[in-house]
>>> print(open('target.txt').read())   # compact mmCIF, C-alpha atoms
# COMPACT_ATOMS: atom_id res chain seq x y z
CA MET A 1 60.68 26.15 -136.67
CA PRO A 2 62.30 24.02 -133.93
CA ASP A 3 60.41 23.16 -130.77
CA LYS A 4 62.83 25.29 -128.73
CA PRO A 5 63.62 28.51 -130.62
CA TYR A 6 67.28 29.34 -130.31
CA CYS A 7 68.33 32.86 -129.32
CA GLU A 8 72.00 33.77 -129.07
CA ILE A 9 73.87 36.84 -127.83
CA ARG A 10 77.01 37.37 -129.86
CA MET A 11 79.71 40.01 -129.42
CA ILE A 12 80.40 41.53 -132.85
CA ARG A 13 82.95 44.17 -133.76
CA THR A 14 81.42 47.20 -135.47
CA VAL A 15 82.88 49.16 -138.38
CA SER A 16 84.29 51.65 -135.88
CA GLY A 17 86.20 48.82 -134.20
CA HIS A 18 84.11 48.62 -131.00
CA LEU A 19 82.53 45.48 -129.61
CA ARG A 20 78.80 45.43 -129.01
CA PRO A 21 76.27 42.67 -128.26
CA TYR A 22 73.75 41.52 -130.86
CA LEU A 23 70.74 39.25 -130.46
CA LEU A 24 70.51 36.56 -133.11
CA VAL A 25 67.55 34.25 -133.59
CA GLU A 26 68.58 31.07 -135.39
CA GLY A 27 71.76 32.86 -136.50
CA VAL A 28 70.03 35.97 -137.91
CA PRO A 29 70.30 39.40 -136.18
CA VAL A 30 66.92 40.80 -135.09
CA ILE A 31 66.49 44.42 -136.16
CA LEU A 32 64.23 45.97 -133.50
CA VAL A 33 65.93 44.64 -130.38
CA ASN A 34 69.40 45.41 -131.76
CA LEU A 35 68.35 48.99 -132.52
CA TRP A 36 67.24 49.21 -128.88
CA ALA A 37 70.56 47.78 -127.64
CA GLU A 38 72.46 50.31 -129.74
CA ASP A 39 70.39 53.11 -128.26
CA LEU A 40 70.93 51.69 -124.77
CA LEU A 41 74.71 51.79 -125.24
CA ARG A 42 74.59 55.58 -125.53
CA THR A 43 73.84 55.87 -121.83
CA SER A 44 74.80 52.46 -120.40
CA ARG A 45 77.95 50.42 -120.02
CA LEU A 46 78.65 47.47 -122.29
CA ASN A 47 77.99 44.83 -119.63
CA THR A 48 74.66 46.48 -118.70
CA ALA A 49 73.52 46.47 -122.32
CA GLU A 50 74.59 42.85 -122.73
CA ASN A 51 72.77 41.71 -119.59
CA TYR A 52 69.61 43.59 -120.59
CA LEU A 53 69.82 42.05 -124.05
CA ARG A 54 70.00 38.57 -122.50
CA ASP A 55 66.91 39.37 -120.45
CA VAL A 56 64.96 40.50 -123.51
CA ALA A 57 66.15 37.38 -125.36
CA ILE A 58 64.10 35.40 -122.82
CA ALA A 59 61.00 37.30 -123.94
CA TYR A 60 61.91 36.61 -127.58
CA GLU A 61 62.15 32.87 -126.95
CA TRP A 62 58.90 32.98 -125.00
CA ALA A 63 57.10 34.66 -127.90
CA LEU A 64 58.56 32.29 -130.49
CA SER A 65 57.55 29.29 -128.40
CA ARG A 66 53.99 30.63 -128.63
CA GLY A 67 54.18 30.83 -132.42
CA ALA A 68 54.84 34.52 -133.12
CA PRO A 69 57.88 36.84 -133.02
CA LEU A 70 57.84 39.40 -130.22
CA GLU A 71 57.85 42.27 -132.75
CA ARG A 72 54.52 41.07 -134.12
CA LYS A 73 52.97 41.41 -130.67
CA LEU A 74 54.47 44.84 -130.09
CA GLU A 75 53.82 46.41 -133.49
CA ARG A 76 50.05 46.17 -132.92
CA LEU A 77 50.45 48.63 -130.02
CA ALA A 78 47.65 46.71 -128.35
CA VAL A 79 46.98 45.40 -124.85
CA LEU A 80 48.29 41.88 -124.33
CA SER A 81 45.91 39.36 -122.82
CA THR A 82 46.07 38.43 -119.15
CA THR A 83 47.09 34.90 -120.15
CA GLU A 84 50.00 36.23 -122.23
CA LEU A 85 51.24 38.60 -119.52
CA THR A 86 50.98 35.91 -116.85
CA SER A 87 52.91 33.45 -119.01
CA LEU A 88 55.60 36.04 -119.80
CA ALA A 89 55.94 37.01 -116.13
CA GLU A 90 56.36 33.37 -115.12
CA ARG A 91 59.05 32.86 -117.76
CA LEU A 92 60.96 36.00 -116.74
CA CYS A 93 60.89 34.83 -113.13
CA SER A 94 62.37 31.42 -113.94
CA THR A 95 65.87 30.11 -114.55
CA LYS A 96 66.84 28.06 -117.60
CA ARG A 97 66.24 24.92 -115.57
CA GLY A 98 62.78 26.04 -114.53
CA ALA A 99 63.61 26.96 -110.94
CA ALA A 100 62.51 30.25 -109.38
CA ALA A 101 64.86 33.10 -110.25
CA SER A 102 66.12 35.36 -107.46
CA GLN A 103 64.25 38.54 -106.61
CA ALA A 104 67.16 40.63 -107.89
CA THR A 105 67.11 38.78 -111.23
CA CYS A 106 63.35 39.27 -111.58
CA THR A 107 63.72 42.98 -110.88
CA ARG A 108 66.52 43.41 -113.43
CA ARG A 109 64.58 41.52 -116.09
CA LEU A 110 61.54 43.70 -115.47
CA GLU A 111 63.64 46.85 -115.97
CA ALA A 112 65.07 45.43 -119.20
CA ILE A 113 61.64 44.56 -120.58
CA LYS A 114 60.23 47.96 -119.60
CA SER A 115 63.06 49.73 -121.40
CA PHE A 116 62.60 47.60 -124.50
CA VAL A 117 58.81 48.00 -124.58
CA GLU A 118 59.12 51.79 -124.18
CA PHE A 119 61.54 51.89 -127.11
CA SER A 120 59.37 49.59 -129.23
CA PHE A 121 56.19 51.60 -128.74
CA GLU A 122 57.98 54.83 -129.69
CA HIS A 123 59.49 53.09 -132.72
CA TYR A 124 56.19 51.72 -134.02
CA ALA A 125 54.23 54.88 -133.18
CA GLU A 126 56.61 56.87 -135.35
CA LEU A 127 56.82 54.20 -138.06
CA ASN A 128 53.03 53.94 -138.35
CA ARG A 129 52.57 57.74 -138.32
CA LEU A 130 49.83 57.59 -135.73
CA SER A 131 47.39 60.42 -135.26
CA LEU A 132 47.25 62.23 -131.93
CA LEU A 133 44.29 60.16 -130.75
CA GLU A 134 45.98 56.94 -131.85
CA GLN A 135 49.16 57.96 -130.01
CA ILE A 136 47.18 58.59 -126.82
CA GLN A 137 45.51 55.17 -127.08
CA ALA A 138 48.84 53.46 -127.82
CA GLU A 139 50.37 55.14 -124.76
CA LYS A 140 47.49 53.89 -122.61
CA ASN A 141 47.90 50.37 -123.97
CA LYS A 142 51.64 50.40 -123.33
CA ASN A 143 51.22 51.64 -119.74
CA LYS A 144 48.53 49.05 -119.06
CA ASN A 145 50.79 46.26 -120.34
CA LEU A 146 53.73 47.41 -118.23
CA ARG A 147 51.68 47.95 -115.06
CA SER A 148 50.11 44.52 -115.33
CA LEU A 149 53.43 42.83 -116.09
CA GLN A 150 55.12 44.61 -113.20
CA LYS A 151 52.43 43.54 -110.72
CA LYS A 152 52.66 39.93 -111.86
CA ILE A 153 56.48 39.84 -111.70
CA ILE A 154 56.56 41.47 -108.27
CA ARG A 155 53.98 39.00 -106.96
CA ILE A 156 55.95 36.01 -108.30
CA ALA A 157 59.30 37.40 -107.10
CA GLN A 158 57.98 37.93 -103.57
CA GLN A 159 57.14 34.23 -103.36
CA SER A 160 60.77 33.30 -104.07
CA GLU A 161 63.08 32.50 -101.21
CA PRO A 162 65.64 35.30 -100.86
CA PRO A 163 69.15 34.05 -101.68
CA LEU A 164 71.49 33.28 -98.82
CA PRO A 165 73.71 36.36 -98.56
CA ALA A 166 77.40 36.14 -99.42
CA THR A 167 78.39 37.25 -95.94
CA PRO A 168 82.00 37.80 -94.86
CA LEU A 169 83.70 34.94 -93.06
CA ASP A 170 84.53 35.41 -89.40
CA SER A 171 88.05 34.67 -88.15
CA SER A 172 87.30 31.05 -87.22
CA GLU A 173 85.68 30.36 -90.61
CA GLN A 174 88.64 31.93 -92.39
CA ALA A 175 91.05 29.76 -90.45
CA LEU A 176 88.98 26.63 -91.11
CA ILE A 177 88.74 27.18 -94.87
CA LEU A 178 92.40 28.12 -95.29
CA ASP A 179 93.35 25.06 -93.23
CA ILE A 180 91.22 22.79 -95.44
CA LEU A 181 92.76 24.32 -98.58
CA SER A 182 96.31 24.12 -97.26
CA PRO A 183 98.43 21.98 -99.60
CA GLY A 184 99.04 18.56 -98.11
CA ASN A 185 96.11 18.64 -95.69
CA THR A 186 94.51 15.20 -95.66
CA LYS A 187 91.07 16.85 -95.55
CA ASN A 188 91.73 18.82 -98.73
CA PRO A 189 89.03 17.69 -101.21
CA PHE A 190 91.41 18.17 -104.16
CA LYS A 191 93.91 15.33 -104.47
CA ASN A 192 96.25 16.74 -107.14
CA PRO A 193 99.07 18.52 -105.22
CA HIS A 194 99.51 21.12 -107.98
CA THR A 195 95.79 21.90 -107.93
CA GLN A 196 95.92 22.23 -104.15
CA VAL A 197 98.64 24.89 -104.34
CA ARG A 198 96.81 26.74 -107.13
CA ASN A 199 93.54 26.83 -105.17
CA TYR A 200 95.27 27.96 -101.98
CA CYS A 201 97.01 30.82 -103.80
CA LEU A 202 93.80 31.74 -105.63
CA VAL A 203 91.84 32.19 -102.40
CA LEU A 204 94.69 34.16 -100.80
CA VAL A 205 94.89 36.47 -103.82
CA ILE A 206 91.14 37.16 -103.68
CA LEU A 207 91.31 37.85 -99.94
CA GLU A 208 94.31 40.19 -100.15
CA THR A 209 93.55 42.04 -103.39
CA LEU A 210 89.74 42.01 -103.18
CA ALA A 211 89.77 40.68 -106.72
CA ARG A 212 86.46 39.88 -108.32
CA ARG A 213 86.39 36.35 -109.69
CA GLY A 214 86.56 37.77 -113.23
CA GLU A 215 89.58 39.83 -112.26
CA ALA A 216 91.35 36.88 -110.66
CA VAL A 217 91.14 34.69 -113.77
CA LEU A 218 92.48 37.50 -115.98
CA ILE A 219 95.67 37.98 -113.95
CA GLU A 220 98.69 37.20 -116.13
CA LEU A 221 102.10 35.96 -115.05
CA ASP A 222 103.66 39.33 -115.82
CA ASP A 223 101.07 41.02 -113.61
CA VAL A 224 102.77 39.52 -110.55
CA GLU A 225 105.83 41.31 -109.15
CA LEU A 226 107.58 39.30 -106.42
CA GLY A 227 110.49 41.65 -105.66
CA PRO A 228 111.17 43.55 -102.42
CA SER A 229 107.81 45.33 -102.71
CA PRO A 230 105.53 42.59 -104.14
CA THR A 231 102.39 43.58 -106.03
CA VAL A 232 99.66 42.13 -108.21
CA ARG A 233 98.38 44.19 -111.14
CA ILE A 234 94.67 43.89 -111.89
CA LYS A 235 93.86 45.21 -115.34
CA ARG A 236 90.72 46.48 -116.95
CA PRO A 237 90.02 43.99 -119.77
CA ASN A 238 90.54 45.17 -123.33
CA ASP A 239 88.25 44.34 -126.24
CA THR A 240 90.31 41.28 -127.13
CA ASN A 241 89.85 39.81 -123.62
CA ARG A 242 86.16 40.64 -123.72
CA GLU A 243 85.63 39.16 -127.18
CA ARG A 244 87.31 35.85 -126.38
CA ARG A 245 85.69 35.12 -123.05
CA ASN A 246 82.44 33.21 -122.76
CA ASP A 247 82.03 33.39 -118.98
CA GLY A 248 81.60 37.12 -118.42
CA ALA A 249 85.01 37.68 -116.87
CA SER A 250 85.79 41.07 -115.44
CA LEU A 251 83.28 43.44 -116.96
CA LYS A 252 83.42 46.29 -114.46
CA THR A 253 86.88 46.32 -112.96
CA ARG A 254 88.98 49.42 -112.45
CA GLY A 255 92.64 48.73 -113.16
CA ARG A 256 94.96 48.93 -110.18
CA VAL A 257 98.27 47.71 -108.75
CA VAL A 258 97.73 46.14 -105.32
CA PRO A 259 100.55 45.56 -102.79
CA ILE A 260 100.56 42.07 -101.27
CA THR A 261 102.11 40.60 -98.14
CA ALA A 262 105.45 38.81 -98.12
CA SER A 263 103.69 35.57 -97.15
CA LEU A 264 101.41 35.69 -100.21
CA ALA A 265 104.39 36.59 -102.40
CA ALA A 266 106.23 33.52 -101.09
CA ALA A 267 103.21 31.29 -101.76
CA LEU A 268 102.87 32.64 -105.31
CA ASP A 269 106.59 32.18 -105.93
CA GLY A 270 106.33 28.52 -104.91
CA TYR A 271 103.23 28.02 -107.06
CA ILE A 272 104.77 29.65 -110.14
CA SER A 273 108.15 27.93 -109.76
CA ASN A 274 107.06 24.41 -108.84
CA HIS A 275 103.40 23.79 -109.63
CA ARG A 276 101.94 26.00 -112.34
CA THR A 277 104.03 24.42 -115.11
CA LYS A 278 102.74 20.99 -114.08
CA LEU A 279 99.20 22.12 -114.90
CA LEU A 280 100.10 23.22 -118.44
CA LYS A 281 99.59 20.94 -121.44
CA PRO A 282 102.29 20.21 -124.05
CA LYS A 283 102.34 22.60 -127.03
CA ARG A 284 99.58 24.71 -125.45
CA PRO A 285 101.09 27.95 -124.12
CA CYS A 286 99.18 29.93 -121.53
CA THR A 287 100.08 33.27 -119.96
CA ALA A 288 97.46 33.17 -117.20
CA LEU A 289 98.56 33.00 -113.58
CA PHE A 290 95.84 30.52 -112.62
CA VAL A 291 95.66 27.54 -114.97
CA SER A 292 93.00 24.85 -115.35
CA SER A 293 94.10 21.35 -114.41
CA ARG A 294 91.69 19.97 -117.00
CA ASP A 295 92.93 21.57 -120.20
CA GLY A 296 95.91 23.74 -119.24
CA ARG A 297 94.12 26.90 -120.27
CA ARG A 298 93.11 29.93 -118.25
CA LEU A 299 90.91 29.11 -115.26
CA SER A 300 87.27 30.13 -115.82
CA THR A 301 85.09 32.10 -113.44
CA ARG A 302 82.73 29.13 -113.17
CA THR A 303 85.61 26.97 -111.94
CA ILE A 304 86.17 29.35 -109.02
CA ASN A 305 82.56 28.80 -107.95
CA THR A 306 83.05 25.05 -108.34
CA ILE A 307 86.17 25.09 -106.16
CA LEU A 308 84.35 26.92 -103.38
CA ARG A 309 81.31 24.66 -103.72
CA VAL A 310 83.48 21.56 -103.34
CA VAL A 311 85.11 23.03 -100.24
CA THR A 312 81.72 23.92 -98.76
CA ALA A 313 80.45 20.38 -99.34
CA GLY A 314 83.22 19.05 -97.11
CA LEU A 315 82.44 21.44 -94.25
CA ASP A 316 79.68 21.30 -91.68
CA LEU A 317 77.96 24.55 -92.62
CA THR A 318 74.44 23.14 -92.74
CA ASN A 319 73.30 25.26 -89.79
CA SER A 320 75.32 28.32 -90.77
CA LEU A 321 74.11 31.39 -92.66
CA THR A 322 77.58 31.75 -94.15
CA ARG A 323 77.80 31.03 -97.87
CA LEU A 324 81.26 30.41 -99.34
CA HIS A 325 81.18 32.45 -102.53
CA PRO A 326 83.59 34.78 -104.43
CA HIS A 327 81.63 37.83 -103.27
CA GLY A 328 81.87 36.55 -99.70
CA LEU A 329 85.67 36.24 -100.02
CA ARG A 330 85.83 39.76 -101.47
CA SER A 331 83.75 41.09 -98.59
CA THR A 332 85.94 39.18 -96.12
CA GLY A 333 89.03 40.77 -97.65
CA ALA A 334 87.46 44.24 -97.48
CA ASN A 335 86.74 43.82 -93.76
CA ILE A 336 90.27 42.55 -93.07
CA ALA A 337 91.75 45.49 -94.98
CA ARG A 338 89.54 48.03 -93.21
CA ARG A 339 90.52 46.73 -89.77
CA LYS A 340 94.21 46.89 -90.67
CA LEU A 341 93.89 50.43 -92.01
CA GLU A 342 91.95 51.65 -88.96
CA ASP A 343 94.36 49.95 -86.56
CA SER A 344 97.22 51.72 -88.31
CA GLY A 345 95.71 55.07 -87.33
CA ALA A 346 95.04 56.20 -90.90
CA PRO A 347 92.53 59.09 -91.15
CA SER A 348 89.02 57.93 -92.02
CA VAL A 349 89.03 59.72 -95.38
CA ASN A 350 92.23 57.86 -96.31
CA VAL A 351 90.68 54.56 -95.22
CA LYS A 352 87.77 55.07 -97.61
CA ASP A 353 90.01 56.13 -100.48
CA ALA A 354 92.35 53.20 -99.90
CA LEU A 355 89.51 50.68 -99.81
CA ALA A 356 87.92 52.17 -102.95
CA TYR A 357 91.23 51.78 -104.77
CA LEU A 358 91.83 48.30 -103.40
CA GLY A 359 88.36 47.06 -104.37
CA GLY A 360 88.37 48.66 -107.81
CA TRP A 361 85.42 50.90 -106.97
CA SER A 362 84.83 54.51 -107.96
CA PRO A 363 85.78 56.99 -105.19
CA ASN A 364 82.14 57.78 -104.36
CA SER A 365 80.85 54.20 -104.56
CA GLN A 366 78.70 52.93 -101.71
CA SER A 367 80.35 49.52 -102.15
CA VAL A 368 83.12 50.53 -99.73
CA GLN A 369 80.60 50.64 -96.86
CA LYS A 370 78.62 47.69 -98.20
CA TYR A 371 81.56 45.30 -98.42
CA SER A 372 83.25 46.35 -95.16
CA ARG A 373 80.10 46.81 -93.04
CA GLN A 374 81.14 44.06 -90.62
CA ALA A 375 84.38 45.90 -89.83
CA ILE A 376 82.39 49.14 -89.40
CA SER A 377 80.03 47.35 -87.01
CA ASP A 378 82.93 45.86 -85.04
CA ARG A 379 84.65 49.23 -84.81
CA LEU A 380 81.46 50.92 -83.64
CA GLY A 381 81.05 48.25 -80.96
CA GLU A 382 84.61 48.85 -79.73
CA ILE A 383 84.03 52.61 -79.50
CA LEU A 384 80.73 52.20 -77.64
CA ARG A 385 82.20 49.67 -75.19
CA LYS A 386 85.22 51.89 -74.50
CA SER A 387 82.91 54.85 -73.95
CA GLU A 388 80.75 52.83 -71.56
CA SER A 389 83.83 51.57 -69.72
CA ARG A 390 85.18 55.11 -69.25
CA LYS A 391 81.77 56.28 -68.04
CA SER A 392 81.57 53.43 -65.51
CA GLY A 393 85.08 54.23 -64.31
CA LYS A 394 84.18 57.86 -63.66
CA GLN A 395 81.06 56.87 -61.74
CA SER A 396 83.16 54.53 -59.54
CA ASP A 397 85.63 57.33 -58.79
CA GLU A 398 82.78 59.57 -57.70
>>> encode(input="target.txt", output="structure tokens")
Amino acid sequence: MPDKPYCEIRMIRTVSGHLRPYLLVEGVPVILVNLWAEDLLRTSRLNTAENYLRDVAIAYEWALSRGAPLERKLERLAVLSTTELTSLAERLCSTKRGAAASQATCTRRLEAIKSFVEFSFEHYAELNRLSLLEQIQAEKNKNKNLRSLQKKIIRIAQQSEPPLPATPLDSSEQALILDILSPGNTKNPFKNPHTQVRNYCLVLVILETLARRGEAVLIELDDVELGPSPTVRIKRPNDTNRERRNDGASLKTRGRVVPITASLAAALDGYISNHRTKLLKPKRPCTALFVSSRDGRRLSTRTINTILRVVTAGLDLTNSLTRLHPHGLRSTGANIARRKLEDSGAPSVNVKDALAYLGGWSPNSQSVQKYSRQAISDRLGEILRKSESRKSGKQSDE
């Protein structure tokens, strides 16, 4: 066995034609965890099952690094030692590079492990045909394991620094970033003029359409309509898209056709007509709107993060709480859209419905309020100040 056991999540098409994730250890599917993942898919979405499977894969590698498969530890239906639980908790609360994982990541991994352990205990209790007394003892052991693991993970997670929030950009920050990214600006950190135009259009598209980074990279040329009423179509990925991508692009989008401004349409027209083709490679066709300057293929979601990280490095944001991130751009766009809709006099119910559609959220999703909370706060402040002003005016008249 190698020093670092290799676990892999692979998307495999089933006999029924559907994609589903499988955990492979050194190229061989593992029965127990894949049975659990199949059961999980009955009530969970594909991306949830895949993420949970990746979390449990960490526990598999941890167990193999200690000389025994995870199933061997679980099939005994026994209490794990304090040393084992502490070691597992520390591994679940770490990144691949050994840094502290975020509190949200630790919490998700705990939920994944709890689900898997619950399934495993039921599986082995039934397989071993336990007596009633043995079942009661196994249940006690399982609960003791999970309680102890939860306490340890919570304690470790609380010691982690909370991540800097992806807050929306204020108007001055928006202007600064768009100015830096403007093609031809001497401060633009990207020197290739075709890359400059691509990046500028990419950020504008995310701001106007509220596209997730995975949605942005999956936009095709024929999804862009630049006629009198310009639009960008954002599609829900099909199985073929999902199977081919290695960077988790667009797992939870709701398909929609989003109207865009004439200025964005003009920028996209210039990019498509004069710059996009310069990024393509000979004899390597690509239908994506946003193309990589490195290999002429579809831009990856990781590259979007890299672009924003490079821009941030050139700005003096060391004393700012603002973090330039795709979610921050999406939130910025949601606040801009909410202000425009409210200023137009649209009824509040229509504002919520419009934002839910624009952001690709379900109609009852709390994300509408979450992503546009700054606009809600600003609007509330305006109402309160106007009310106070009217009250002061009446008192002066009296």
>>> atom_distance(input="target.txt", atom1="CA of Lys281 in chain A", atom2="CA of Asp179 in chain A")
29.2 Å
>>> residues_around(input="target.txt", residues="range 285-289 of chain A", least_positions_apart="2", cutoff="9 Å", atoms="only C-alpha atoms", output="PyMOL selection string")
chain A and resi 216-224+272+276+280-283+291+296-299
>>> closest_residue(input="target.txt", among="A:Pro21, A:Gly333, A:Gly360, A:Gly255", to="Asn47 in chain A", atoms="all atoms listed in the file")
A:Pro21
>>> atom_distance(input="target.txt", atom1="CA of Pro168 in chain A", atom2="CA of Pro230 in chain A")
25.7 Å
>>> residues_near_point(input="target.txt", point="(87.6, 27.7, -104.9)", cutoff="9 Å", atoms="only C-alpha atoms", output="list in words")
Leu181, Asn199, Tyr200, Leu202, Val203, Thr303, Ile304, Asn305, Thr306, Ile307, Leu308, Arg309, Val310, Val311, Leu324, His325 and Pro326 of chain A
>>> closest_residue(input="target.txt", among="A:Phe121, A:Trp36, A:Gly184, A:Pro69", to="Asn143 in chain A", atoms="only C-alpha atoms")
A:Phe121
>>> closest_residue(input="target.txt", among="A:Lys142, A:Lys278, A:Lys151, A:Arg379", to="Leu341 in chain A", atoms="all atoms listed in the file")
A:Arg379
>>> residues_around(input="target.txt", residues="range 79-89 of chain A", least_positions_apart="2", cutoff="10 Å", atoms="only C-alpha atoms", output="ChimeraX atom specification")
/A:58-59,62-63,66,73-74,76-77,91-94,106,109-110,138,140-146,148-157
>>> atom_distance(input="target.txt", atom1="CA of Glu8 in chain A", atom2="CA of Arg213 in chain A")
24.3 Å
>>> axis_aligned_box(input="target.txt", around="range 27-35 of chain A", padding_each_side="6 Å", output="AutoDock Vina command-line options")
--center_x 68.0 --center_y 40.9 --center_z -134.1 --size_x 19.5 --size_y 28.1 --size_z 19.5
>>> closest_residue(input="target.txt", among="A:Ser65, A:Gln103, A:Ser300, A:Thr312", to="Leu176 in chain A", atoms="only C-alpha atoms")
A:Thr312
>>> closest_residue(input="target.txt", among="A:Ser372, A:Thr167, A:Gln135, A:Ser367", to="Glu342 in chain A", atoms="all atoms listed in the file")
A:Ser372
>>> residues_around(input="target.txt", residues="Arg339 in chain A", least_positions_apart="3", cutoff="12 Å", atoms="all atoms listed in the file", output="MDAnalysis selection string")
chainID A and resid 332:336 342:346 348 351:352 355 372:380 382
>>> closest_residue(input="target.txt", among="A:Ser16, A:Ser293, A:Ser115, A:Thr277", to="Asp39 in chain A", atoms="only C-alpha atoms")
A:Ser115
>>> decode(input="target.txt", residues="range 12-28 of chain A", atoms="N, CA, C and O atoms", output="mmCIF file, in the first residue's frame")
data_model
loop_
_atom_site.group_PDB
_atom_site.id
_atom_site.type_symbol
_atom_site.label_atom_id
_atom_site.label_comp_id
_atom_site.auth_asym_id
_atom_site.auth_seq_id
_atom_site.Cartn_x
_atom_site.Cartn_y
_atom_site.Cartn_z
ATOM 1 N N ILE A 12 -19.739 8.432 -12.895
ATOM 2 C CA ILE A 12 -19.949 7.276 -13.752
ATOM 3 C C ILE A 12 -21.413 7.215 -14.170
ATOM 4 O O ILE A 12 -22.313 7.465 -13.356
ATOM 5 N N ARG A 13 -21.644 6.891 -15.424
ATOM 6 C CA ARG A 13 -23.011 6.790 -15.926
ATOM 7 C C ARG A 13 -23.575 5.413 -15.598
ATOM 8 O O ARG A 13 -22.975 4.384 -15.894
ATOM 9 N N THR A 14 -24.754 5.396 -14.992
ATOM 10 C CA THR A 14 -25.391 4.148 -14.602
ATOM 11 C C THR A 14 -26.080 3.499 -15.799
ATOM 12 O O THR A 14 -26.160 4.077 -16.886
ATOM 13 N N VAL A 15 -26.606 2.302 -15.577
ATOM 14 C CA VAL A 15 -27.310 1.584 -16.640
ATOM 15 C C VAL A 15 -28.515 2.381 -17.117
ATOM 16 O O VAL A 15 -28.870 2.367 -18.297
ATOM 17 N N SER A 16 -29.150 3.103 -16.194
ATOM 18 C CA SER A 16 -30.324 3.903 -16.550
ATOM 19 C C SER A 16 -29.962 5.178 -17.299
ATOM 20 O O SER A 16 -30.840 5.914 -17.740
ATOM 21 N N GLY A 17 -28.655 5.447 -17.436
ATOM 22 C CA GLY A 17 -28.219 6.613 -18.192
ATOM 23 C C GLY A 17 -27.943 7.847 -17.362
ATOM 24 O O GLY A 17 -27.589 8.894 -17.901
ATOM 25 N N HIS A 18 -28.100 7.759 -16.027
ATOM 26 C CA HIS A 18 -27.879 8.909 -15.156
ATOM 27 C C HIS A 18 -26.442 8.905 -14.620
ATOM 28 O O HIS A 18 -25.850 7.855 -14.390
ATOM 29 N N LEU A 19 -25.934 10.114 -14.403
ATOM 30 C CA LEU A 19 -24.618 10.246 -13.779
ATOM 31 C C LEU A 19 -24.755 10.175 -12.269
ATOM 32 O O LEU A 19 -25.710 10.706 -11.700
ATOM 33 N N ARG A 20 -23.780 9.537 -11.626
ATOM 34 C CA ARG A 20 -23.747 9.566 -10.170
ATOM 35 C C ARG A 20 -22.301 9.418 -9.731
ATOM 36 O O ARG A 20 -21.467 8.822 -10.430
ATOM 37 N N PRO A 21 -21.951 9.984 -8.577
ATOM 38 C CA PRO A 21 -20.566 9.923 -8.100
ATOM 39 C C PRO A 21 -20.257 8.598 -7.410
ATOM 40 O O PRO A 21 -21.098 8.033 -6.709
ATOM 41 N N TYR A 22 -19.051 8.112 -7.622
ATOM 42 C CA TYR A 22 -18.572 6.895 -6.966
ATOM 43 C C TYR A 22 -17.230 7.189 -6.315
ATOM 44 O O TYR A 22 -16.406 7.922 -6.869
ATOM 45 N N LEU A 23 -17.011 6.591 -5.147
ATOM 46 C CA LEU A 23 -15.711 6.677 -4.489
ATOM 47 C C LEU A 23 -14.893 5.459 -4.883
ATOM 48 O O LEU A 23 -15.344 4.314 -4.726
ATOM 49 N N LEU A 24 -13.695 5.720 -5.389
ATOM 50 C CA LEU A 24 -12.770 4.648 -5.749
ATOM 51 C C LEU A 24 -11.510 4.777 -4.896
ATOM 52 O O LEU A 24 -10.999 5.894 -4.702
ATOM 53 N N VAL A 25 -11.049 3.690 -4.379
ATOM 54 C CA VAL A 25 -9.791 3.647 -3.644
ATOM 55 C C VAL A 25 -8.808 2.852 -4.480
ATOM 56 O O VAL A 25 -9.034 1.668 -4.753
ATOM 57 N N GLU A 26 -7.755 3.521 -4.929
ATOM 58 C CA GLU A 26 -6.765 2.920 -5.832
ATOM 59 C C GLU A 26 -7.448 2.297 -7.048
ATOM 60 O O GLU A 26 -7.110 1.210 -7.507
ATOM 61 N N GLY A 27 -8.471 3.034 -7.580
ATOM 62 C CA GLY A 27 -9.137 2.621 -8.808
ATOM 63 C C GLY A 27 -10.259 1.629 -8.641
ATOM 64 O O GLY A 27 -10.919 1.267 -9.621
ATOM 65 N N VAL A 28 -10.545 1.180 -7.409
ATOM 66 C CA VAL A 28 -11.576 0.165 -7.173
ATOM 67 C C VAL A 28 -12.738 0.788 -6.392
ATOM 68 O O VAL A 28 -12.521 1.386 -5.335
#
